[in-house]
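Asker: Before I ask anything, let me first share the structure, which is written out below as structure tokens.
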Amino acid sequence: MNTRSVVIGCGHYLPSRIVENSEFEATLDTNDEWIRSRSGIERRHFAAEGETTSQMATAAARAALDDAGLGADDVDAIILATSTPDLTFPSAATMVQAQLGMTKGFAFDVQAVCAGFVFALANANALILSGQATRVLVIGAETFSRIMDWTDRSTCVLFGDGAGAVLLEAQSGEGTAQDRGILSTDLNSDGRHRDLLYVDGGTSTGTVGYLRMQGNQVFRHAVGKLAATATTAMERAGVTPEDVDWVVPHQANIRIIQGTANKLNLPMSQVVVTVQDHGNTSAASIPLALSVGRDRGQIKQGDLLVTEAIGGGLAWGAVVLRW
């Protein structure tokens with residue numbers, strides 16, 4: 001028998017404030033049609049004043065625990081993927097641990113920007129396979145609205161806030177691609193491309209900074225790297241695109257999503273798309289899409305999923321799992 005990391009609960013949280021594309025017309029030389037045609041985004045959610053990444057992460061985590069019918073002390077570890085923690089330290093994950101009332105186990109953050117949730121899933125899987133943990137909460141949560149340059153129309157219209165979470169549990173499998181749970185992971189990074197997507201603040205500047213992006217260059221890297229990592233992960237899992245029920249991609253840009261699906265020879269009817277309603281929520285986008293896709297009735301138990309993401313670093317990767 002093989003140990004598998006199986007999703008037993010999922011949930012998400014979105015701030016109550018919805019920002020339509022038209023809101024940007026008052027302050028920027030842009031409009032709804034311009035934003036939609038270039039990104040597929042129609043609206044996004046922004047955190048309320050005083051609402052933090054850890055609070056949103058906690059709400060998503062509670063939803064995942066409720067979905068699984070378990071409590072905080074049934075969990076051994078929390079891994080929170082975020083690039084927008086409440087504070088430089090301690091980790092936002094430990095804040096979630098406290099807010100949940102979890103009095104045992106351990107918690108830490110993973111920072112791989114938009115690829116963060118994929119990296120967090122891979123780390124959670126490794127903890128479970130090594131016997132370090134039996135149940136792990138894996139969360140993606142971001143307040144990117146706090147690091148936007150509101151004068152830069154090429155970036156500030158693209159991002160949103162939110163959180164999503166899954167609860168993984170060690171279960172026995174047969175060691176075949178028919179097992180439920182994580183079947184394979186593939187992680188990559190290349191620090192030579194750091195100037196394509198970064199925040200110009202931190203300890204080197206003494207400022208929080210703003211997000212900066214060379215959008216055309218990021219797009220040029222994205223489709224090829226996403227298709228390649230998804231293909232590698234599928235090969236490791238012993239599955240083919242024909243076996244896949246759903247691709248659940250990082251929700252950055254509809255053209256990247258379409259281009260990657262095309263390279264994988266998968267129709268858009270098998271892609272979970274939420275970018276129109278959430279914008280790019282960075283590390284939160286995949287768990288948000290998983291939870292929304294499940295709630296919509298798209299993702300069902302036994303379905304074979306491929307998730308893939310790319311973000312600043314550049315960092316990119318994919319996970320193949322059976323729901």
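Chain identifiers are assigned as A, B, and so on, following the order in which chains appear in the structure tokens; residues are numbered from 1 within each chain, and ligands are numbered from 1 in order of appearance.
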Which residues are close to range 261-267 of chain A, i.e. within 12 Å by only C-alpha atoms, leaving aside same-chain residues fewer than 5 positions away? Reply as a PyMOL selection string.
Answerer: chain A and resi 222-232+234+240-249+254-256+272-273+306-308
Asker: Could you list, with a cut-off of 12 Å and counting only C-alpha atoms, the residues of range 210-234 of chain A near range 37-59 of chain A, each shown with its nearest atom pair and the distance in Å rounded to one decimal, rows sorted by chain and ascending number, as CSV?
Answerer:
residue,atom,partner,partner_atom,distance
A:Gly215,CA,A:Arg38,CA,10.8
A:Asn216,CA,A:Arg38,CA,11.1
A:Phe219,CA,A:Ser39,CA,11.1
Asker: Would you output that residue set with N, CA and C atoms, as a PDB file, in the first residue's frame?
Answerer:
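Result saved to out14.pdb:
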ATOM      1  N   GLY A 215       4.773  42.848 -18.415  1.00  0.00           N
ATOM      2  CA  GLY A 215       3.701  41.927 -18.760  1.00  0.00           C
ATOM      3  C   GLY A 215       3.949  41.098 -20.001  1.00  0.00           C
ATOM      4  N   ASN A 216       4.467  41.715 -21.065  1.00  0.00           N
ATOM      5  CA  ASN A 216       4.702  40.978 -22.309  1.00  0.00           C
ATOM      6  C   ASN A 216       5.734  39.875 -22.117  1.00  0.00           C
ATOM      7  N   PHE A 219       4.212  37.018 -20.075  1.00  0.00           N
ATOM      8  CA  PHE A 219       3.338  36.242 -20.962  1.00  0.00           C
ATOM      9  C   PHE A 219       4.165  35.308 -21.843  1.00  0.00           C
TER      10      PHE A 219
END
Asker: To one decimal in Å, tell me the separation between CA of Gln214 in chain A and CA of Ile139 in chain A.
Answerer: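 If I compute the distance from CA of Gln214 in chain A to CA of Ile139 in chain A, I get 27.5 Å.
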Asker: Can you pull out the residues contacting range 64-71 of chain A? Cut-off 8 Å, using only C-alpha atoms, and skip same-chain residues under 2 positions away; I want them as a ChimeraX atom specification.
Answerer: /A:8-12,60-62,73-75,165-167
Asker: Find the residues around range 107-114 of chain A up to 6 Å (only C-alpha atoms counted), leave out those fewer than 3 positions away in its own chain, and share them as a PDB file with N, CA and C atoms, in the first residue's frame.
Answerer:
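Below is the file part13.pdb, written as the result:
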ATOM      1  N   ALA A  77      -0.466  20.405  10.796  1.00  0.00           N
ATOM      2  CA  ALA A  77       0.364  21.478  10.255  1.00  0.00           C
ATOM      3  C   ALA A  77      -0.464  22.400   9.371  1.00  0.00           C
ATOM      4  N   ILE A  78      -0.015  23.649   9.285  1.00  0.00           N
ATOM      5  CA  ILE A  78      -0.590  24.639   8.371  1.00  0.00           C
ATOM      6  C   ILE A  78       0.531  25.167   7.490  1.00  0.00           C
ATOM      7  N   ILE A  79       0.308  25.135   6.183  1.00  0.00           N
ATOM      8  CA  ILE A  79       1.226  25.788   5.253  1.00  0.00           C
ATOM      9  C   ILE A  79       0.430  26.861   4.523  1.00  0.00           C
ATOM     10  N   LEU A  80       0.878  28.097   4.662  1.00  0.00           N
ATOM     11  CA  LEU A  80       0.184  29.232   4.047  1.00  0.00           C
ATOM     12  C   LEU A  80       1.061  29.830   2.954  1.00  0.00           C
ATOM     13  N   ALA A  81       0.557  29.795   1.729  1.00  0.00           N
ATOM     14  CA  ALA A  81       1.248  30.412   0.601  1.00  0.00           C
ATOM     15  C   ALA A  81       0.790  31.855   0.481  1.00  0.00           C
ATOM     16  N   THR A  82       1.722  32.800   0.603  1.00  0.00           N
ATOM     17  CA  THR A  82       1.383  34.209   0.476  1.00  0.00           C
ATOM     18  C   THR A  82       2.629  35.024   0.181  1.00  0.00           C
ATOM     19  N   SER A  83       2.433  36.120  -0.545  1.00  0.00           N
ATOM     20  CA  SER A  83       3.481  37.123  -0.732  1.00  0.00           C
ATOM     21  C   SER A  83       3.107  38.422  -0.047  1.00  0.00           C
ATOM     22  N   SER A  91       5.269  34.525  10.818  1.00  0.00           N
ATOM     23  CA  SER A  91       4.542  34.076   9.631  1.00  0.00           C
ATOM     24  C   SER A  91       3.040  34.267   9.809  1.00  0.00           C
ATOM     25  N   ALA A  93       0.994  32.205   8.802  1.00  0.00           N
ATOM     26  CA  ALA A  93       0.482  30.871   9.144  1.00  0.00           C
ATOM     27  C   ALA A  93       0.327  30.693  10.649  1.00  0.00           C
ATOM     28  N   THR A  94       1.280  31.235  11.427  1.00  0.00           N
ATOM     29  CA  THR A  94       1.159  31.113  12.884  1.00  0.00           C
ATOM     30  C   THR A  94       0.001  31.958  13.400  1.00  0.00           C
ATOM     31  N   SER A 282      -3.019  35.786  -7.077  1.00  0.00           N
ATOM     32  CA  SER A 282      -1.703  35.215  -6.800  1.00  0.00           C
ATOM     33  C   SER A 282      -1.831  33.829  -6.171  1.00  0.00           C
ATOM     34  N   ALA A 283      -1.234  33.609  -5.001  1.00  0.00           N
ATOM     35  CA  ALA A 283      -1.227  32.270  -4.408  1.00  0.00           C
ATOM     36  C   ALA A 283      -2.615  31.777  -4.025  1.00  0.00           C
ATOM     37  N   ILE A 310       2.545  29.978 -12.500  1.00  0.00           N
ATOM     38  CA  ILE A 310       3.838  30.634 -12.651  1.00  0.00           C
ATOM     39  C   ILE A 310       3.753  31.996 -11.986  1.00  0.00           C
ATOM     40  N   GLY A 311       4.837  32.396 -11.338  1.00  0.00           N
ATOM     41  CA  GLY A 311       4.862  33.695 -10.670  1.00  0.00           C
ATOM     42  C   GLY A 311       6.269  34.247 -10.601  1.00  0.00           C
ATOM     43  N   GLY A 312       6.401  35.353  -9.895  1.00  0.00           N
ATOM     44  CA  GLY A 312       7.684  36.024  -9.766  1.00  0.00           C
ATOM     45  C   GLY A 312       8.757  35.084  -9.253  1.00  0.00           C
TER      46      GLY A 312
END
Asker: Among range 32-170 of chain A, which residues carry a DSSP assignment of helix (DSSP H, G or I), reported as number ranges by chain?
Answerer: A: 32-39, 53-68, 72-74, 92-100, 113-129, 144-147
Asker: Give me, as a ChimeraX atom specification, all polymer residues having an atom no more than 7 Å from Asp190 in chain A, counting only C-alpha atoms and skipping those fewer than 5 positions away in the same chain.
Answerer: /A:313-315
Asker: Keeping C-alpha atoms, export the residues of the selection given above as a PDB file, in the first residue's frame.
Answerer:
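Writing done, so here's selection.pdb:
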ATOM      1  CA  GLY A 313      11.077  34.478  -9.355  1.00  0.00           C
ATOM      2  CA  LEU A 314      10.369  33.207 -11.891  1.00  0.00           C
ATOM      3  CA  ALA A 315       8.875  30.214 -10.083  1.00  0.00           C
TER       4      ALA A 315
END
Asker: Please measure the separation of CA of Ser5 in chain A and CA of Gly160 in chain A, giving the value in Å to one decimal.
Answerer: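 Separation of CA of Ser5 in chain A and CA of Gly160 in chain A: 29.3 Å.
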Asker: How far is it from CA of Val136 in chain A to CA of Leu187 in chain A, in Å with one decimal?
Answerer: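 Atom-to-atom, CA of Val136 in chain A to CA of Leu187 in chain A, that is 19.3 Å.
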Asker: Find the residues near Gly201 in chain A: any atom within 12 Å, counting only C-alpha atoms, skip ones fewer than 2 places away on the same chain, and give them as a ChimeraX atom specification.
Answerer: /A:88,147-148,198-199,203-212
Asker: Let me see the file: selected residues, N, CA and C atoms, as a JSON list (two decimals), in the first residue's frame.
Answerer:
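Output file result_24.json is given in full below:
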[["chain", "number", "residue", "atom", "x", "y", "z"],
["A", 88, "THR", "N", 6.23, 41.35, 8.41],
["A", 88, "THR", "CA", 7.44, 40.67, 7.91],
["A", 88, "THR", "C", 7.62, 39.35, 8.65],
["A", 147, "ILE", "N", -0.35, 46.35, -2.38],
["A", 147, "ILE", "CA", 0.97, 46.59, -3.00],
["A", 147, "ILE", "C", 0.83, 47.05, -4.45],
["A", 148, "MET", "N", -0.32, 47.67, -4.76],
["A", 148, "MET", "CA", -0.55, 48.18, -6.11],
["A", 148, "MET", "C", -0.12, 49.63, -6.24],
["A", 198, "TYR", "N", 8.24, 41.73, -9.84],
["A", 198, "TYR", "CA", 8.81, 41.88, -8.50],
["A", 198, "TYR", "C", 8.11, 43.02, -7.78],
["A", 199, "VAL", "N", 8.38, 43.15, -6.48],
["A", 199, "VAL", "CA", 7.94, 44.29, -5.70],
["A", 199, "VAL", "C", 9.17, 45.09, -5.32],
["A", 203, "THR", "N", 13.63, 44.94, 2.82],
["A", 203, "THR", "CA", 14.69, 45.39, 3.74],
["A", 203, "THR", "C", 15.78, 46.17, 3.01],
["A", 204, "SER", "N", 15.93, 45.94, 1.71],
["A", 204, "SER", "CA", 16.96, 46.67, 0.96],
["A", 204, "SER", "C", 16.59, 48.13, 0.72],
["A", 205, "THR", "N", 15.29, 48.44, 0.80],
["A", 205, "THR", "CA", 14.83, 49.81, 0.54],
["A", 205, "THR", "C", 14.19, 50.47, 1.76],
["A", 206, "GLY", "N", 13.79, 49.67, 2.74],
["A", 206, "GLY", "CA", 13.10, 50.23, 3.90],
["A", 206, "GLY", "C", 11.68, 50.66, 3.61],
["A", 207, "THR", "N", 11.13, 50.19, 2.49],
["A", 207, "THR", "CA", 9.76, 50.52, 2.11],
["A", 207, "THR", "C", 8.99, 49.24, 1.82],
["A", 208, "VAL", "N", 7.66, 49.34, 1.81],
["A", 208, "VAL", "CA", 6.85, 48.19, 1.43],
["A", 208, "VAL", "C", 6.96, 47.94, -0.07],
["A", 209, "GLY", "N", 6.92, 49.02, -0.84],
["A", 209, "GLY", "CA", 7.09, 48.91, -2.28],
["A", 209, "GLY", "C", 5.82, 48.57, -3.03],
["A", 210, "TYR", "N", 5.94, 48.60, -4.37],
["A", 210, "TYR", "CA", 4.82, 48.31, -5.26],
["A", 210, "TYR", "C", 5.19, 47.21, -6.24],
["A", 211, "LEU", "N", 4.17, 46.52, -6.73],
["A", 211, "LEU", "CA", 4.38, 45.49, -7.73],
["A", 211, "LEU", "C", 4.80, 46.11, -9.05],
["A", 212, "ARG", "N", 5.82, 45.52, -9.68],
["A", 212, "ARG", "CA", 6.29, 45.95, -11.00],
["A", 212, "ARG", "C", 6.33, 44.73, -11.91]]
Asker: Restricting the calculation to only C-alpha atoms: of A:Asp29, A:Asp295, A:Glu235, A:Glu174, which residue gets closest to Asp186 in chain A?
Answerer: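 Comparing A:Asp29, A:Asp295, A:Glu235, A:Glu174 against Asp186 in chain A, the winner is A:Glu235.
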Asker: Of the candidates A:Thr151, A:Asn280, A:Thr30, A:Ser269, which one gets nearest to Ala309 in chain A if we count only C-alpha atoms?
Answerer: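 Among A:Thr151, A:Asn280, A:Thr30, A:Ser269, it is A:Asn280 that comes nearest to Ala309 in chain A.
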Asker: Name the residues of range 218-317 of chain A that fall into strand (DSSP E or B) according to DSSP on the backbone, using the chain letters and numbers of this document, as a ChimeraX atom specification.
Answerer: /A:246-249,271,280,304-311,315-317
Asker: Select, from A:Phe24, A:Gly202, A:Gly105, A:Phe159, the residue with the minimum atom-to-atom distance to Leu87 in chain A, counting only C-alpha atoms.
Answerer: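 Smallest distance to Leu87 in chain A is found for A:Gly202.
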Asker: Could you tell me which of A:Val19, A:Ala163, A:Ala170, A:Ile299 comes closest to Arg322 in chain A if we count only C-alpha atoms?
Answerer: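 Looking at the shortest contact to Arg322 in chain A, the residue is A:Ile299.
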